[in-house]
>>> print(open('query-v2.cif').read())   # mmCIF, C-alpha atoms and all ligand atoms
data_input
loop_
_atom_site.label_atom_id
_atom_site.label_comp_id
_atom_site.auth_asym_id
_atom_site.auth_seq_id
_atom_site.Cartn_x
_atom_site.Cartn_y
_atom_site.Cartn_z
CA MET A 194 14.28 -85.36 -38.21
CA ILE A 195 17.43 -87.46 -38.68
CA PHE A 196 17.64 -90.73 -40.58
CA PRO A 197 20.89 -92.11 -39.13
CA GLU A 198 21.55 -94.54 -42.00
CA LYS A 199 21.51 -91.63 -44.50
CA PHE A 200 23.46 -89.20 -42.34
CA ILE A 201 26.65 -87.77 -43.91
CA PRO A 202 28.59 -85.82 -41.27
CA GLU A 203 30.96 -82.88 -41.71
CA LEU A 204 32.71 -83.55 -38.41
CA VAL A 205 33.22 -86.58 -36.16
CA ILE A 206 34.23 -86.19 -32.51
CA GLU A 207 35.35 -88.91 -30.11
CA SER A 208 34.58 -88.14 -26.48
CA PRO A 209 36.04 -90.55 -23.91
CA GLY A 210 34.94 -91.76 -20.50
CA ARG A 211 37.40 -91.72 -17.62
CA ILE A 212 38.67 -93.72 -14.71
CA ASN A 213 39.94 -92.14 -11.55
CA LEU A 214 42.91 -93.95 -10.03
CA ILE A 215 42.29 -92.35 -6.65
CA GLY A 216 40.78 -89.20 -5.10
CA GLU A 217 37.04 -89.77 -4.91
CA HIS A 218 34.70 -86.88 -3.92
CA THR A 219 37.75 -84.69 -3.35
CA ASP A 220 37.09 -82.53 -6.43
CA TYR A 221 34.14 -80.55 -5.03
CA ASN A 222 36.13 -80.22 -1.80
CA LEU A 223 38.79 -78.43 -3.88
CA GLY A 224 41.35 -81.16 -3.30
CA TYR A 225 43.30 -83.49 -5.59
CA VAL A 226 42.29 -86.19 -8.08
CA LEU A 227 44.21 -88.58 -10.36
CA PRO A 228 42.04 -89.46 -13.38
CA THR A 229 42.64 -90.30 -17.02
CA ALA A 230 40.49 -90.79 -20.10
CA ILE A 231 39.97 -94.36 -21.34
CA GLU A 232 39.47 -95.87 -24.79
CA LYS A 233 35.74 -96.37 -24.33
CA LYS A 234 33.97 -93.34 -25.73
CA ILE A 235 30.97 -91.63 -27.29
CA THR A 236 31.10 -90.80 -31.00
CA PHE A 237 29.35 -87.63 -32.19
CA LYS A 238 28.68 -86.99 -35.89
CA PHE A 239 27.75 -83.41 -36.78
CA LYS A 240 26.63 -81.33 -39.71
CA LYS A 241 25.25 -77.82 -40.06
CA ASN A 242 21.66 -77.84 -41.38
CA ASN A 243 21.45 -74.21 -42.61
CA SER A 244 18.65 -73.40 -40.20
CA LYS A 245 19.06 -70.53 -37.76
CA THR A 246 17.65 -72.34 -34.74
CA GLU A 247 16.53 -75.90 -35.50
CA CYS A 248 18.66 -78.71 -34.08
CA ASN A 249 18.05 -82.43 -34.58
CA LEU A 250 19.72 -85.00 -32.37
CA TYR A 251 19.57 -88.76 -32.57
CA SER A 252 20.83 -91.36 -30.10
CA LEU A 253 21.71 -94.64 -31.78
CA GLY A 254 21.74 -96.38 -28.39
CA TYR A 255 18.21 -95.31 -27.46
CA ASN A 256 17.14 -95.50 -31.10
CA THR A 257 15.33 -92.23 -30.73
CA GLY A 258 15.85 -88.57 -31.44
CA PHE A 259 14.45 -85.14 -30.71
CA THR A 260 14.25 -81.74 -32.30
CA LEU A 261 14.76 -78.49 -30.46
CA SER A 262 14.88 -74.82 -31.20
CA LEU A 263 17.81 -72.72 -30.01
CA ASP A 264 15.46 -69.87 -29.12
CA LYS A 265 13.35 -72.10 -26.84
CA ILE A 266 15.79 -74.04 -24.69
CA ALA A 267 14.16 -75.43 -21.55
CA LYS A 268 14.53 -78.49 -19.34
CA SER A 269 13.05 -81.74 -20.61
CA ASN A 270 11.38 -84.64 -18.80
CA VAL A 271 13.68 -87.02 -20.67
CA GLU A 272 16.90 -87.42 -18.70
CA TRP A 273 19.49 -87.72 -21.50
CA GLU A 274 18.02 -84.71 -23.33
CA ASN A 275 18.90 -82.51 -20.36
CA TYR A 276 22.63 -83.11 -20.85
CA ILE A 277 22.25 -81.77 -24.39
CA LEU A 278 19.93 -78.91 -23.47
CA GLY A 279 22.12 -77.89 -20.54
CA VAL A 280 25.20 -77.64 -22.77
CA LEU A 281 23.34 -75.66 -25.45
CA ASN A 282 22.02 -73.30 -22.80
CA GLU A 283 25.53 -72.68 -21.47
CA ILE A 284 26.93 -72.13 -24.98
CA LEU A 285 24.17 -69.63 -25.77
CA LEU A 286 25.06 -67.71 -22.62
CA ARG A 287 28.60 -67.31 -23.97
CA THR A 288 28.21 -66.72 -27.71
CA ASP A 289 25.67 -65.83 -30.40
CA LYS A 290 27.45 -67.82 -33.12
CA LEU A 291 25.58 -71.08 -32.61
CA ARG A 292 23.20 -72.11 -35.45
CA GLY A 293 21.07 -75.14 -36.38
CA PHE A 294 22.81 -78.51 -36.63
CA ASP A 295 22.12 -82.23 -36.94
CA CYS A 296 23.95 -84.71 -34.75
CA THR A 297 23.99 -88.45 -34.13
CA ILE A 298 25.35 -89.88 -30.88
CA GLU A 299 26.67 -93.42 -30.47
CA SER A 300 27.97 -94.55 -27.09
CA LYS A 301 30.34 -97.42 -26.35
CA LEU A 302 30.49 -96.26 -22.74
CA PRO A 303 28.25 -98.17 -20.38
CA MET A 304 25.94 -95.66 -18.66
CA GLY A 305 25.80 -95.47 -14.87
CA SER A 306 28.98 -97.51 -14.56
CA GLY A 307 31.12 -94.84 -12.90
CA LEU A 308 33.05 -94.18 -16.14
CA SER A 309 31.57 -90.75 -16.61
CA SER A 310 29.33 -91.15 -19.60
CA SER A 311 27.67 -87.88 -18.49
CA ALA A 312 30.81 -85.77 -18.89
CA ALA A 313 31.62 -87.51 -22.19
CA LEU A 314 28.17 -86.56 -23.48
CA GLU A 315 28.42 -82.94 -22.35
CA CYS A 316 32.01 -82.32 -23.40
CA GLY A 317 31.75 -84.12 -26.76
CA LEU A 318 28.77 -81.99 -27.74
CA ALA A 319 30.41 -78.74 -26.64
CA TYR A 320 33.72 -79.66 -28.32
CA GLY A 321 32.01 -80.55 -31.60
CA LEU A 322 29.87 -77.41 -31.74
CA ASN A 323 32.90 -75.29 -30.94
CA GLU A 324 34.67 -76.77 -33.99
CA LEU A 325 31.61 -76.73 -36.27
CA PHE A 326 30.71 -73.08 -35.68
CA ASP A 327 34.12 -71.74 -34.71
CA LEU A 328 32.75 -70.52 -31.38
CA GLY A 329 36.15 -69.54 -30.00
CA LEU A 330 35.81 -71.56 -26.77
CA SER A 331 39.00 -72.81 -25.13
CA LYS A 332 39.28 -76.39 -23.84
CA MET A 333 38.93 -75.00 -20.33
CA ASP A 334 35.73 -73.15 -21.35
CA ILE A 335 34.36 -76.46 -22.61
CA VAL A 336 35.22 -78.20 -19.32
CA LEU A 337 33.64 -75.46 -17.20
CA LEU A 338 30.48 -74.98 -19.24
CA SER A 339 29.89 -78.74 -19.31
CA GLN A 340 30.20 -78.91 -15.52
CA LYS A 341 27.78 -75.98 -15.22
CA ALA A 342 25.29 -77.74 -17.53
CA GLU A 343 25.28 -80.71 -15.18
CA HIS A 344 24.56 -78.44 -12.21
CA THR A 345 21.77 -76.48 -13.85
CA TYR A 346 20.00 -78.94 -16.16
CA VAL A 347 20.79 -82.37 -14.69
CA GLY A 348 20.84 -81.34 -11.04
CA THR A 349 24.01 -83.10 -9.84
CA GLN A 350 26.32 -80.64 -8.09
CA CYS A 351 29.38 -82.42 -9.49
CA GLY A 352 32.99 -81.33 -9.19
CA ILE A 353 35.31 -80.63 -12.10
CA MET A 354 37.12 -83.97 -12.38
CA ASP A 355 35.09 -85.84 -15.00
CA GLN A 356 34.85 -83.03 -17.54
CA PHE A 357 38.52 -82.14 -17.01
CA ALA A 358 39.66 -85.74 -17.55
CA SER A 359 37.43 -86.27 -20.57
CA VAL A 360 38.84 -83.21 -22.38
CA MET A 361 42.40 -82.74 -21.07
CA SER A 362 43.81 -86.28 -20.83
CA GLU A 363 46.89 -87.40 -22.73
CA LYS A 364 47.60 -90.93 -23.92
CA GLY A 365 49.78 -92.90 -21.48
CA HIS A 366 49.36 -90.36 -18.66
CA VAL A 367 47.24 -89.74 -15.60
CA ILE A 368 46.39 -86.19 -14.56
CA LEU A 369 47.31 -84.98 -11.10
CA LEU A 370 44.76 -82.18 -10.85
CA ASP A 371 44.55 -79.60 -8.11
CA CYS A 372 40.82 -78.84 -8.13
CA GLN A 373 41.35 -75.51 -6.36
CA SER A 374 43.86 -73.85 -8.68
CA LEU A 375 43.16 -76.17 -11.65
CA GLU A 376 46.92 -76.54 -12.03
CA HIS A 377 47.73 -80.01 -13.28
CA GLN A 378 50.56 -82.34 -14.16
CA GLN A 379 50.43 -85.10 -16.74
CA ILE A 380 52.15 -88.06 -15.07
CA PRO A 381 53.38 -90.83 -17.39
CA ILE A 382 52.05 -94.13 -16.10
CA GLN A 383 53.86 -97.41 -16.55
CA ILE A 384 52.60 -100.31 -14.47
CA ASP A 385 54.01 -103.33 -16.40
CA PRO A 386 53.67 -106.25 -15.75
CA TYR A 387 50.35 -105.21 -14.22
CA LYS A 388 47.17 -104.21 -15.99
CA MET A 389 44.21 -102.06 -15.05
CA ILE A 390 41.16 -104.31 -15.14
CA MET A 391 37.68 -102.94 -14.62
CA LEU A 392 34.95 -105.15 -13.20
CA ASN A 393 31.54 -103.69 -13.93
CA THR A 394 29.10 -104.59 -11.14
CA LYS A 395 26.30 -103.67 -13.56
CA VAL A 396 24.44 -102.07 -10.69
CA SER A 397 23.83 -98.38 -10.42
CA HIS A 398 21.78 -97.77 -7.30
CA ASN A 399 19.53 -94.80 -7.87
CA LEU A 400 20.65 -93.17 -4.64
CA ALA A 401 23.62 -91.83 -6.56
CA SER A 402 22.45 -88.31 -7.46
CA SER A 403 20.60 -87.45 -4.24
CA GLU A 404 23.27 -88.97 -1.96
CA TYR A 405 25.95 -87.19 -3.97
CA ASN A 406 24.41 -83.81 -3.22
CA THR A 407 23.94 -84.85 0.42
CA ARG A 408 27.66 -85.72 0.76
CA LYS A 409 28.53 -82.31 -0.66
CA LYS A 410 26.30 -80.59 1.92
CA GLU A 411 27.75 -82.70 4.75
CA CYS A 412 31.26 -81.60 3.77
CA GLU A 413 30.11 -77.96 3.71
CA GLU A 414 28.68 -78.38 7.20
CA GLY A 415 32.03 -79.77 8.33
CA VAL A 416 33.85 -76.77 6.84
CA ALA A 417 31.48 -74.36 8.63
CA ILE A 418 32.28 -76.00 11.99
CA LEU A 419 36.02 -76.04 11.28
CA GLN A 420 35.85 -72.36 10.35
CA GLY A 421 34.52 -71.52 13.80
CA HIS A 422 37.94 -72.58 15.15
CA TYR A 423 40.14 -72.03 12.11
CA PRO A 424 38.90 -69.10 9.98
CA GLU A 425 41.54 -69.91 7.35
CA VAL A 426 39.79 -73.21 6.50
CA THR A 427 37.68 -72.38 3.43
CA SER A 428 37.42 -75.96 2.17
CA LEU A 429 38.41 -79.42 3.43
CA ARG A 430 41.46 -79.02 1.23
CA ASN A 431 42.89 -76.61 3.85
CA ALA A 432 42.00 -78.76 6.87
CA ASN A 433 44.04 -81.47 8.58
CA ASN A 434 43.39 -84.32 11.01
CA GLU A 435 44.56 -82.32 14.04
CA MET A 436 41.99 -79.60 13.34
CA LEU A 437 39.36 -82.26 12.82
CA GLU A 438 40.01 -83.79 16.24
CA VAL A 439 39.48 -80.39 17.88
CA CYS A 440 36.04 -80.14 16.20
CA LYS A 441 35.06 -83.80 16.53
CA ASN A 442 32.46 -83.44 19.29
CA GLU A 443 30.80 -80.47 17.68
CA MET A 444 30.51 -82.30 14.36
CA GLY A 445 28.82 -85.49 15.38
CA ALA A 446 29.77 -88.91 14.00
CA THR A 447 28.54 -88.58 10.41
CA ILE A 448 30.07 -85.22 9.52
CA TYR A 449 33.30 -86.23 11.25
CA LYS A 450 33.55 -89.43 9.16
CA ARG A 451 32.91 -87.56 5.90
CA CYS A 452 35.53 -84.92 6.65
CA SER A 453 38.05 -87.47 7.84
CA PHE A 454 37.68 -89.43 4.60
CA ILE A 455 38.25 -86.36 2.42
CA ILE A 456 41.30 -85.18 4.39
CA ASN A 457 42.89 -88.64 4.19
CA GLU A 458 41.86 -89.18 0.56
CA ASN A 459 43.63 -85.96 -0.47
CA GLU A 460 46.80 -87.26 1.21
CA ARG A 461 46.38 -90.59 -0.58
CA VAL A 462 46.21 -88.89 -3.99
CA LEU A 463 49.53 -87.13 -3.42
CA THR A 464 51.14 -90.31 -2.04
CA THR A 465 49.83 -92.31 -5.01
CA ALA A 466 51.19 -89.79 -7.52
CA LYS A 467 54.61 -90.11 -5.86
CA ALA A 468 54.36 -93.92 -5.73
CA LEU A 469 53.65 -93.99 -9.47
CA LYS A 470 56.59 -91.70 -10.19
CA ASP A 471 58.79 -94.00 -8.03
CA ASN A 472 57.27 -97.10 -9.67
CA ASP A 473 56.25 -98.37 -6.22
CA LEU A 474 53.31 -100.46 -7.42
CA LYS A 475 52.94 -102.31 -4.13
CA LEU A 476 52.26 -99.04 -2.32
CA PHE A 477 49.93 -97.95 -5.14
CA GLY A 478 47.88 -101.12 -4.60
CA GLU A 479 47.75 -100.70 -0.82
CA LEU A 480 46.48 -97.15 -1.22
CA LEU A 481 43.67 -98.37 -3.46
CA TYR A 482 42.51 -100.83 -0.82
CA GLU A 483 42.78 -98.18 1.87
CA ALA A 484 40.75 -95.76 -0.27
CA HIS A 485 38.00 -98.31 -0.82
CA ASP A 486 37.79 -98.94 2.89
CA GLY A 487 37.15 -95.22 3.39
CA ILE A 488 34.68 -95.07 0.49
CA SER A 489 32.72 -97.90 2.05
CA LYS A 490 32.91 -97.22 5.79
CA SER A 491 33.52 -93.48 6.21
CA TYR A 492 32.04 -91.83 3.13
CA GLU A 493 29.43 -94.60 2.72
CA VAL A 494 29.10 -94.39 -1.05
CA SER A 495 29.81 -98.05 -1.82
CA CYS A 496 27.32 -100.91 -2.07
CA PRO A 497 27.34 -104.67 -1.35
CA GLU A 498 28.24 -105.53 -4.96
CA SER A 499 31.34 -103.27 -5.07
CA ASP A 500 32.43 -104.34 -1.57
CA PHE A 501 32.09 -107.97 -2.59
CA LEU A 502 34.37 -107.57 -5.62
CA VAL A 503 37.01 -105.58 -3.73
CA ASP A 504 37.04 -108.15 -0.90
CA PHE A 505 37.15 -110.99 -3.40
CA SER A 506 40.25 -109.52 -5.07
CA LYS A 507 42.13 -109.59 -1.75
CA GLN A 508 42.45 -113.39 -1.98
CA TYR A 509 44.70 -113.01 -5.02
CA ASP A 510 48.42 -112.28 -4.71
CA ALA A 511 48.31 -111.29 -8.37
CA VAL A 512 46.06 -108.33 -7.49
CA LEU A 513 47.94 -105.42 -5.96
CA GLY A 514 44.88 -103.36 -5.09
CA ALA A 515 41.28 -102.62 -5.99
CA ARG A 516 38.57 -100.09 -5.28
CA GLN A 517 35.26 -98.78 -6.54
CA THR A 518 35.83 -95.89 -8.94
CA GLY A 519 33.58 -92.88 -9.61
CA GLY A 520 30.67 -91.29 -7.75
CA GLY A 521 29.59 -94.52 -6.05
CA PHE A 522 26.72 -96.89 -5.29
CA GLY A 523 27.87 -99.35 -7.94
CA GLY A 524 29.56 -98.95 -11.29
CA CYS A 525 33.02 -100.42 -11.74
CA THR A 526 35.87 -101.52 -9.54
CA LEU A 527 39.42 -100.83 -10.69
CA ASN A 528 41.79 -103.77 -10.15
CA ILE A 529 45.56 -103.81 -10.58
CA VAL A 530 46.20 -107.35 -11.80
CA HIS A 531 49.38 -109.16 -12.91
CA GLN A 532 49.20 -109.72 -16.67
CA ASP A 533 49.73 -113.50 -16.35
CA LYS A 534 46.76 -113.88 -14.01
CA VAL A 535 44.15 -111.61 -15.60
CA ASP A 536 42.15 -114.46 -17.17
CA ASP A 537 42.18 -116.60 -14.00
CA PHE A 538 41.16 -113.66 -11.85
CA VAL A 539 38.35 -112.53 -14.15
CA GLU A 540 37.01 -116.07 -14.48
CA ALA A 541 36.98 -116.64 -10.72
CA ALA A 542 35.45 -113.21 -10.00
CA THR A 543 32.75 -113.78 -12.62
CA LYS A 544 31.80 -117.11 -11.08
CA ALA A 545 31.78 -115.83 -7.51
CA TYR A 546 29.82 -112.68 -8.43
CA LYS A 547 27.22 -114.69 -10.33
CA ALA A 548 26.80 -117.03 -7.34
CA ALA A 549 26.45 -114.10 -4.93
CA PHE A 550 24.23 -111.70 -6.92
CA ASN A 551 23.07 -113.64 -10.00
CA ILE A 552 24.58 -110.95 -12.22
CA GLU A 553 26.91 -111.60 -15.17
CA LEU A 554 30.05 -109.56 -14.53
CA ASP A 555 31.53 -107.48 -17.31
CA ALA A 556 35.35 -107.22 -17.29
CA PHE A 557 37.65 -105.14 -19.51
CA GLU A 558 41.12 -103.65 -19.54
CA VAL A 559 41.58 -99.87 -19.62
CA LYS A 560 44.59 -97.88 -20.79
CA PRO A 561 45.22 -94.17 -20.17
CA SER A 562 44.04 -92.51 -23.36
CA ALA A 563 43.71 -89.16 -25.11
CA GLY A 564 40.99 -86.65 -24.20
CA THR A 565 38.31 -85.48 -26.68
CA TYR A 566 39.54 -85.40 -30.28
CA ILE A 567 38.47 -84.96 -33.89
CA GLN A 568 38.40 -88.17 -35.87
CA ASN A 569 40.11 -87.80 -39.25
C1 LIG B 601 31.14 -88.04 -10.01
C2 LIG B 601 31.29 -86.54 -10.16
F1 LIG B 601 30.79 -86.13 -11.37
C3 LIG B 601 32.74 -86.08 -10.01
O1 LIG B 601 32.79 -84.67 -10.02
C4 LIG B 601 33.37 -86.64 -8.73
O2 LIG B 601 32.93 -85.94 -7.60
C5 LIG B 601 33.10 -88.14 -8.61
O3 LIG B 601 31.71 -88.46 -8.76
C6 LIG B 601 33.53 -88.69 -7.27
O4 LIG B 601 34.90 -88.56 -7.14
O5 LIG B 601 31.76 -88.75 -11.04
#
>>> encode(input="query-v2.cif", output="structure tokens")
Amino acid sequence: MIFPEKFIPELVIESPGRINLIGEHTDYNLGYVLPTAIEKKITFKFKKNNSKTECNLYSLGYNTGFTLSLDKIAKSNVEWENYILGVLNEILLRTDKLRGFDCTIESKLPMGSGLSSSAALECGLAYGLNELFDLGLSKMDIVLLSQKAEHTYVGTQCGIMDQFASVMSEKGHVILLDCQSLEHQQIPIQIDPYKMIMLNTKVSHNLASSEYNTRKKECEEGVAILQGHYPEVTSLRNANNEMLEVCKNEMGATIYKRCSFIINENERVLTTAKALKDNDLKLFGELLYEAHDGISKSYEVSCPESDFLVDFSKQYDAVLGARQTGGGFGGCTLNIVHQDKVDDFVEAATKAYKAAFNIELDAFEVKPSAGTYIQN
């Protein structure tokens, strides 16, 4: 049992959420993404408890904790516990050095808001235990085992982007990640006099996990059809629009739309990375709007609330571009807003959103930040 007010940690870990500038649902299609960690994070406090197997965890947000035994790891009926259990299970498959520990978890990352609180939870735990028990895991091991934990214990067949961004990000940079080779470039990002403003719809439609896995299957079906004509196509990453046209009739409308979105989204990531290097912010903004259009109409992972906010932003010259970020069905929109107009824009969006949905909008600025780190 943990009494959080009396808890004296040996180690404190900060584990950030992420935004993705562009490249949605491309990661599990082995394409490109452009994410970065943000300043909003989960704080983990750890200490060893001298037991061989007993672990005590406490969530300050939920105001509740649980105890588990390392020799009896199994799935729980409580959702957040499965992120923890999944990570412990993956660590135990890789090393026998893990021992009993106590840990408190405090999140400043809104859950279900498309900012990847899941990856922050998984990676922060793995990173902290690696330090505490000197497990010898590399950062890449932490990324991969955290992704695996989400597949096996949580049940979302996610790609690699969120865990990669949470651990590998560098302050002031976005990561251009090739999700096939895992090669990546840290691209310095400078968008003055514009700012990245997140508008949190505060909705998280519970379709997210099941529809996510459905989209993944639809893309796999598309690849299977493409392969019939082009055996070299092993993922949508290797396909192009010409190939897609050849297979259009065989695919049917839905699979065609999904594949078309992914092929074009991969292109958009590469064009955006170049636009940022060239400081072409106008093009950057246009690509965001184009991406949202695809997210909404072709990939169909948006929702009325996100569409409303993106459409609303188009009335403002001070906004270069906007789109829903993350897995979909709600969460946050990313808006590129001129620094002199941020307050006006947020005030107007808040009013309009309240009138349309009776929900109080939450708005905040994000800056590209460092990945998981030890707090001194
Ligand atoms: C979620 C997943 F976890 C990521 O892997 C990614 O697919 C994203 O949705 C959509 O781009 O955050």
>>> residues_near_ligand(input="query-v2.cif", ligand="ligand LIG 601 (chain B)", cutoff="10 Å", atoms="all atoms listed in the file", output="JSON, numbers by chain")
{"A": [211, 212, 213, 215, 216, 217, 218, 219, 220, 221, 222, 225, 226, 227, 228, 305, 306, 307, 308, 309, 310, 311, 312, 340, 343, 344, 349, 350, 351, 352, 353, 354, 355, 356, 357, 401, 402, 405, 406, 408, 409, 494, 518, 519, 520, 521]}
>>> atom_distance(input="query-v2.cif", atom1="atom CA of A:Lys290", atom2="atom CA of A:Leu328")
6.2 Å
>>> residues_around(input="query-v2.cif", residues="A:Ala542", least_positions_apart="6", cutoff="9 Å", atoms="all atoms listed in the file", output="PyMOL selection string")
chain A and resi 392+502+505-506+554
>>> residues_around(input="query-v2.cif", residues="stretch 484-489 of chain A", least_positions_apart="6", cutoff="12 Å", atoms="only C-alpha atoms", output="PyMOL selection string")
chain A and resi 213-219+408+450-462+464-465+477-478+495-504+514-523+526-528
>>> residues_around(input="query-v2.cif", residues="stretch 252-266 of chain A", least_positions_apart="2", cutoff="6 Å", atoms="all atoms listed in the file", output="number ranges by chain")
A: 246-250, 297-299
>>> decode(input="query-v2.cif", residues="stretch 360-374 of chain A", atoms="N, CA and C atoms", output="compact mmCIF listing (two decimals), in the first residue's frame")
# COMPACT_ATOMS: atom_id res chain seq x y z
N VAL A 360 9.75 9.06 -26.19
CA VAL A 360 11.10 8.76 -25.66
C VAL A 360 12.21 9.53 -26.41
N MET A 361 12.09 9.63 -27.73
CA MET A 361 13.24 10.07 -28.54
C MET A 361 13.26 11.57 -28.87
N SER A 362 12.23 12.31 -28.52
CA SER A 362 12.16 13.71 -28.97
C SER A 362 13.28 14.56 -28.38
N GLU A 363 13.60 15.64 -29.11
CA GLU A 363 14.57 16.62 -28.62
C GLU A 363 13.91 18.00 -28.62
N LYS A 364 14.24 18.77 -27.60
CA LYS A 364 13.66 20.12 -27.47
C LYS A 364 13.88 20.93 -28.76
N GLY A 365 12.83 21.62 -29.21
CA GLY A 365 12.98 22.50 -30.37
C GLY A 365 13.01 21.78 -31.72
N HIS A 366 12.74 20.48 -31.71
CA HIS A 366 12.80 19.70 -32.95
C HIS A 366 11.53 18.88 -33.15
N VAL A 367 11.25 18.57 -34.42
CA VAL A 367 10.26 17.52 -34.70
C VAL A 367 11.04 16.35 -35.30
N ILE A 368 10.46 15.15 -35.17
CA ILE A 368 11.16 13.96 -35.67
C ILE A 368 10.54 13.54 -37.00
N LEU A 369 11.35 13.49 -38.03
CA LEU A 369 10.88 12.86 -39.28
C LEU A 369 11.27 11.39 -39.16
N LEU A 370 10.26 10.56 -38.91
CA LEU A 370 10.53 9.14 -38.64
C LEU A 370 10.03 8.29 -39.80
N ASP A 371 10.92 7.43 -40.28
CA ASP A 371 10.56 6.43 -41.27
C ASP A 371 10.15 5.18 -40.47
N CYS A 372 8.87 4.87 -40.47
CA CYS A 372 8.38 3.79 -39.59
C CYS A 372 8.72 2.41 -40.13
N GLN A 373 9.32 2.33 -41.30
CA GLN A 373 9.77 1.03 -41.81
C GLN A 373 11.19 0.73 -41.31
N SER A 374 12.10 1.66 -41.54
CA SER A 374 13.50 1.41 -41.17
C SER A 374 13.80 1.91 -39.75
